[in-house]
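One structure is given below, encoded as structure tokens.
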Amino acid sequence: MEKIRHIAIIMDGNGRWAKSQNKMRTFGHLKGTDNVRNIAIAANDQGVEVLTLYAFSTENWKRPKDEVSYLMKLPALFFNKFMTELMEKNIRIMMMGEMDQIPKETAQVLIKAMDQTKNNTGMILNFAMNYGSRREMILAINHVLKDVKEGKIETVDEERFEQYLMTSKFPPLDLLIRTSGEYRISNFLLWQLAYAELMFVDLPWPEFDEQQFLKCLENFYKRNRRFGGI
Ligand code: FPP
């Protein structure tokens, strides 16, 4: 089995976890943010090249205003608390999603973190913020149409199309993990999931610890990936 290179996680269940503790939903998101640190360090230690985390979807704007504004504060919280450690671990921050609709202060925090870590050569910790896979594909198609119109290209094949996606610089997706016992993809990486392994874990994200993560890796290496062959 080839070494795992790119893992994506749908970090679900913060709200339900908080409720189970008789706490506000925001407390769950706060715990979830601490857990991003734990899993990022664990993935980096395992030599994972890219960890893509679904931090905020194009659909999450539908949540109550207060919750949206709290979620938008998480990047600042995360980098204030963990930037020193991320630098020590040589982790590089990236993001994918449409930056222009994100509040200015949040966008600035993300840009600063990307800039600060741009020369780091360890794992890429890639936050999907204001990301939706259908939107990503529509943007890609419009970009293709523009390039055709300008005479830059005539047609696209799979490889060329991938160059227009937000993951174009990353290795192919190997594994998707979703926590909290929901069995959905929720508009995440639809194209990239074509041959990824899927894992659904029953624990809410704040309880998905390093040990659980290592179990997922162990499970991954036991699987027989055939990519349509035999
Ligand atoms: C889903 O749980 C979780 C989110 C929508 C937010 C996830 C974000 C983080 C864990 C932190 C992100 C960190 C940074 C640095 C950007 P839910 O609220 O849908 O839980 P529920 O299904 O139980 O309601």
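Following the order of the structure tokens, chains are lettered A, B, ..., residues in each are numbered from 1, and ligands are numbered from 1.
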
- Task: Could you please write out, as a ChimeraX atom specification, every residue of stretch 1-126 of chain A that DSSP assigns to alpha helix (DSSP H)?
- Result: /A:14-20,25-45,65-88,104-116

Could you please extract the residues within 8 Å of ligand 1, counting only C-alpha atoms and all ligand atoms, and hand them back as a PyMOL selection string?
-> chain A and resi 10-18+25+28-36+53-57+60+71-72+74-79+127+129+180+204-206

Might you pull out every residue within 10 Å of stretch 110-119 of chain A, with only C-alpha atoms counted and same-chain residues fewer than 3 positions away left off, and present them as number ranges by chain? A: 75-76, 79-80, 83, 86-87, 90-95, 99, 104-107, 122, 124-127, 129

Just the residues within 9 Å of A:Glu210, please, counting only C-alpha atoms, with nothing from its chain fewer than 3 positions along; format it as a compact mmCIF listing (two decimals) with C-alpha atoms, in the first residue's frame.
```txt
# COMPACT_ATOMS: atom_id res chain seq x y z
CA ASN A 38 -4.22 17.75 18.12
CA ILE A 39 -5.13 16.09 14.85
CA ILE A 41 0.09 17.56 14.92
CA ALA A 42 -0.71 13.85 14.77
CA ALA A 43 -1.10 13.94 10.97
CA PHE A 213 -7.02 9.19 14.15
CA LEU A 214 -4.25 6.58 14.24
CA LYS A 215 -6.92 3.87 14.15
```

12 Å contact set for A:Arg5, only C-alpha atoms, chain neighbours under 5 positions out, as a ChimeraX atom specification: /A:43-44,46-52,123-124,170-176,196,217,220

Go ahead and write the residues just picked, N, CA, C and O atoms, as a CSV table (one decimal), in the first residue's frame.
```csv
chain,number,residue,atom,x,y,z
A,43,ALA,N,-1.2,14.2,12.4
A,43,ALA,CA,-1.1,13.9,11.0
A,43,ALA,C,0.3,14.3,10.5
A,43,ALA,O,0.9,13.6,9.7
A,44,ASN,N,0.8,15.5,10.9
A,44,ASN,CA,2.1,15.9,10.6
A,44,ASN,C,3.2,14.9,11.0
A,44,ASN,O,4.1,14.5,10.3
A,46,GLN,N,2.8,11.8,11.3
A,46,GLN,CA,2.7,10.6,10.5
A,46,GLN,C,3.2,10.8,9.1
A,46,GLN,O,3.1,9.9,8.3
A,47,GLY,N,3.6,12.0,8.8
A,47,GLY,CA,4.2,12.3,7.5
A,47,GLY,C,3.1,12.6,6.4
A,47,GLY,O,3.4,12.5,5.2
A,48,VAL,N,1.9,12.9,6.9
A,48,VAL,CA,0.8,13.2,5.9
A,48,VAL,C,1.2,14.5,5.2
A,48,VAL,O,1.8,15.4,5.9
A,49,GLU,N,1.0,14.6,3.9
A,49,GLU,CA,1.4,15.8,3.2
A,49,GLU,C,0.4,17.0,3.3
A,49,GLU,O,0.8,18.1,3.4
A,50,VAL,N,-0.9,16.6,3.2
A,50,VAL,CA,-1.9,17.6,3.2
A,50,VAL,C,-3.1,17.1,4.1
A,50,VAL,O,-3.6,16.0,3.9
A,51,LEU,N,-3.5,18.0,5.0
A,51,LEU,CA,-4.7,17.7,5.8
A,51,LEU,C,-5.7,18.8,5.5
A,51,LEU,O,-5.5,20.0,5.8
A,52,THR,N,-6.8,18.4,4.8
A,52,THR,CA,-7.8,19.4,4.4
A,52,THR,C,-9.0,19.3,5.4
A,52,THR,O,-9.6,18.3,5.5
A,123,MET,N,3.8,19.5,6.8
A,123,MET,CA,2.5,19.2,6.3
A,123,MET,C,1.7,20.6,6.0
A,123,MET,O,2.0,21.6,6.6
A,124,ILE,N,0.9,20.5,4.9
A,124,ILE,CA,0.0,21.6,4.6
A,124,ILE,C,-1.3,21.4,5.4
A,124,ILE,O,-1.9,20.4,5.2
A,170,PHE,N,-2.4,20.1,-4.7
A,170,PHE,CA,-2.3,19.0,-3.7
A,170,PHE,C,-2.3,17.6,-4.3
A,170,PHE,O,-2.8,17.4,-5.4
A,171,PRO,N,-1.7,16.7,-3.6
A,171,PRO,CA,-1.7,15.3,-4.1
A,171,PRO,C,-3.2,14.8,-4.0
A,171,PRO,O,-4.0,15.4,-3.3
A,172,PRO,N,-3.5,13.7,-4.8
A,172,PRO,CA,-4.9,13.2,-4.8
A,172,PRO,C,-5.3,12.9,-3.4
A,172,PRO,O,-4.6,12.5,-2.6
A,173,LEU,N,-6.6,13.0,-3.2
A,173,LEU,CA,-7.2,12.7,-1.9
A,173,LEU,C,-7.2,11.2,-1.7
A,173,LEU,O,-7.7,10.4,-2.5
A,174,ASP,N,-6.7,10.8,-0.5
A,174,ASP,CA,-6.6,9.3,-0.2
A,174,ASP,C,-7.8,8.9,0.7
A,174,ASP,O,-8.3,7.8,0.6
A,175,LEU,N,-8.1,9.8,1.6
A,175,LEU,CA,-9.0,9.4,2.7
A,175,LEU,C,-9.9,10.5,3.2
A,175,LEU,O,-9.4,11.6,3.4
A,176,LEU,N,-11.2,10.2,3.3
A,176,LEU,CA,-12.1,11.2,3.9
A,176,LEU,C,-12.6,10.6,5.2
A,176,LEU,O,-13.1,9.5,5.2
A,196,ALA,N,-11.3,8.1,-3.3
A,196,ALA,CA,-10.8,8.2,-1.9
A,196,ALA,C,-11.5,7.1,-1.1
A,196,ALA,O,-12.6,6.7,-1.4
A,217,LEU,N,-5.9,5.5,10.3
A,217,LEU,CA,-4.8,5.3,9.4
A,217,LEU,C,-4.5,3.8,9.3
A,217,LEU,O,-4.3,3.3,8.2
A,220,PHE,N,-7.0,2.3,7.1
A,220,PHE,CA,-6.7,2.7,5.7
A,220,PHE,C,-5.7,1.8,5.1
A,220,PHE,O,-5.9,1.3,4.0
```

Check: So how far away is atom CA of A:Asn187 from atom CA of A:Ala8, in Å?
Finding: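 Computing it gives 12.9 Å between the two atoms.
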
Between atom CA of A:Asp202 and atom CA of A:Tyr221, what is the spacing in Å?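 Separation between atom CA of A:Tyr221 and atom CA of A:Asp202: 20.1 Å.
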
Test item: residues at most 8 Å from A:Gly132, only C-alpha atoms, excluding those fewer than 6 positions along its chain, as a list in words: Ser57, Thr58, Glu59, Gly97, Asn187, Phe188 and Leu189 of chain A

For the residues in that selection, give me N, CA, C and O atoms as a compact mmCIF listing (two decimals), in the first residue's frame.
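Produced file part21.txt, reproduced below:
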```txt
# COMPACT_ATOMS: atom_id res chain seq x y z
N SER A 57 -18.68 25.77 5.48
CA SER A 57 -19.16 25.47 4.13
C SER A 57 -19.96 26.64 3.56
O SER A 57 -20.41 27.52 4.31
N THR A 58 -20.18 26.61 2.26
CA THR A 58 -20.99 27.65 1.62
C THR A 58 -22.43 27.62 2.17
O THR A 58 -23.15 28.58 2.04
N GLU A 59 -22.81 26.48 2.76
CA GLU A 59 -24.17 26.36 3.33
C GLU A 59 -24.22 26.84 4.79
O GLU A 59 -25.30 27.11 5.32
N GLY A 97 -11.46 28.17 -0.76
CA GLY A 97 -12.81 28.71 -0.60
C GLY A 97 -12.78 30.13 -1.10
O GLY A 97 -11.72 30.65 -1.42
N ASN A 187 -21.51 18.24 0.28
CA ASN A 187 -20.92 19.17 -0.68
C ASN A 187 -19.41 19.40 -0.46
O ASN A 187 -18.91 20.49 -0.67
N PHE A 188 -18.72 18.36 -0.03
CA PHE A 188 -17.27 18.47 0.23
C PHE A 188 -16.50 17.65 -0.81
O PHE A 188 -16.71 16.44 -0.93
N LEU A 189 -15.64 18.26 -1.58
CA LEU A 189 -14.66 17.57 -2.43
C LEU A 189 -15.27 16.48 -3.32
O LEU A 189 -14.73 15.38 -3.42
```

Q: Can you work out the spacing between atom CA of A:Phe200 and atom CA of A:Cys216 in Å, to one decimal?
A: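 Computing the Euclidean distance for atom CA of A:Phe200 and atom CA of A:Cys216 yields 9.5 Å.
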
_Going by DSSP on the backbone, which residues of stretch 63-150 of chain A come out as strand (DSSP E)? List them as number ranges by chain._
A: 92-96, 124-131

Same residues, N, CA and C atoms, output as a PDB file, in the first residue's frame:
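The file below, result-v4.pdb, is the result:
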```pdb
ATOM      1  N   ARG A  92       2.550  24.231   7.312  1.00  0.00           N
ATOM      2  CA  ARG A  92       2.181  25.357   6.449  1.00  0.00           C
ATOM      3  C   ARG A  92       0.656  25.485   6.382  1.00  0.00           C
ATOM      4  N   ILE A  93       0.167  26.692   6.566  1.00  0.00           N
ATOM      5  CA  ILE A  93      -1.278  26.940   6.513  1.00  0.00           C
ATOM      6  C   ILE A  93      -1.685  27.368   5.110  1.00  0.00           C
ATOM      7  N   MET A  94      -2.756  26.754   4.625  1.00  0.00           N
ATOM      8  CA  MET A  94      -3.352  27.214   3.368  1.00  0.00           C
ATOM      9  C   MET A  94      -4.857  27.246   3.543  1.00  0.00           C
ATOM     10  N   MET A  95      -5.542  27.868   2.617  1.00  0.00           N
ATOM     11  CA  MET A  95      -6.996  27.804   2.675  1.00  0.00           C
ATOM     12  C   MET A  95      -7.578  27.672   1.287  1.00  0.00           C
ATOM     13  N   MET A  96      -8.752  27.067   1.211  1.00  0.00           N
ATOM     14  CA  MET A  96      -9.461  27.056  -0.069  1.00  0.00           C
ATOM     15  C   MET A  96     -10.907  27.445   0.184  1.00  0.00           C
ATOM     16  N   ILE A 124       0.902  20.490   4.944  1.00  0.00           N
ATOM     17  CA  ILE A 124       0.012  21.618   4.644  1.00  0.00           C
ATOM     18  C   ILE A 124      -1.294  21.391   5.392  1.00  0.00           C
ATOM     19  N   LEU A 125      -1.642  22.344   6.241  1.00  0.00           N
ATOM     20  CA  LEU A 125      -2.926  22.311   6.946  1.00  0.00           C
ATOM     21  C   LEU A 125      -3.844  23.255   6.183  1.00  0.00           C
ATOM     22  N   ASN A 126      -4.756  22.630   5.431  1.00  0.00           N
ATOM     23  CA  ASN A 126      -5.563  23.386   4.464  1.00  0.00           C
ATOM     24  C   ASN A 126      -6.992  23.535   4.986  1.00  0.00           C
ATOM     25  N   PHE A 127      -7.382  24.758   5.304  1.00  0.00           N
ATOM     26  CA  PHE A 127      -8.732  25.000   5.808  1.00  0.00           C
ATOM     27  C   PHE A 127      -9.686  25.294   4.660  1.00  0.00           C
ATOM     28  N   ALA A 128     -10.771  24.516   4.575  1.00  0.00           N
ATOM     29  CA  ALA A 128     -11.840  24.833   3.637  1.00  0.00           C
ATOM     30  C   ALA A 128     -12.774  25.810   4.337  1.00  0.00           C
ATOM     31  N   MET A 129     -12.752  27.048   3.886  1.00  0.00           N
ATOM     32  CA  MET A 129     -13.540  28.126   4.506  1.00  0.00           C
ATOM     33  C   MET A 129     -14.407  28.750   3.427  1.00  0.00           C
ATOM     34  N   ASN A 130     -15.680  28.830   3.687  1.00  0.00           N
ATOM     35  CA  ASN A 130     -16.612  29.284   2.653  1.00  0.00           C
ATOM     36  C   ASN A 130     -16.392  28.456   1.384  1.00  0.00           C
ATOM     37  N   TYR A 131     -16.244  27.164   1.603  1.00  0.00           N
ATOM     38  CA  TYR A 131     -16.010  26.215   0.513  1.00  0.00           C
ATOM     39  C   TYR A 131     -17.258  25.377   0.267  1.00  0.00           C
TER      40      TYR A 131
END
```
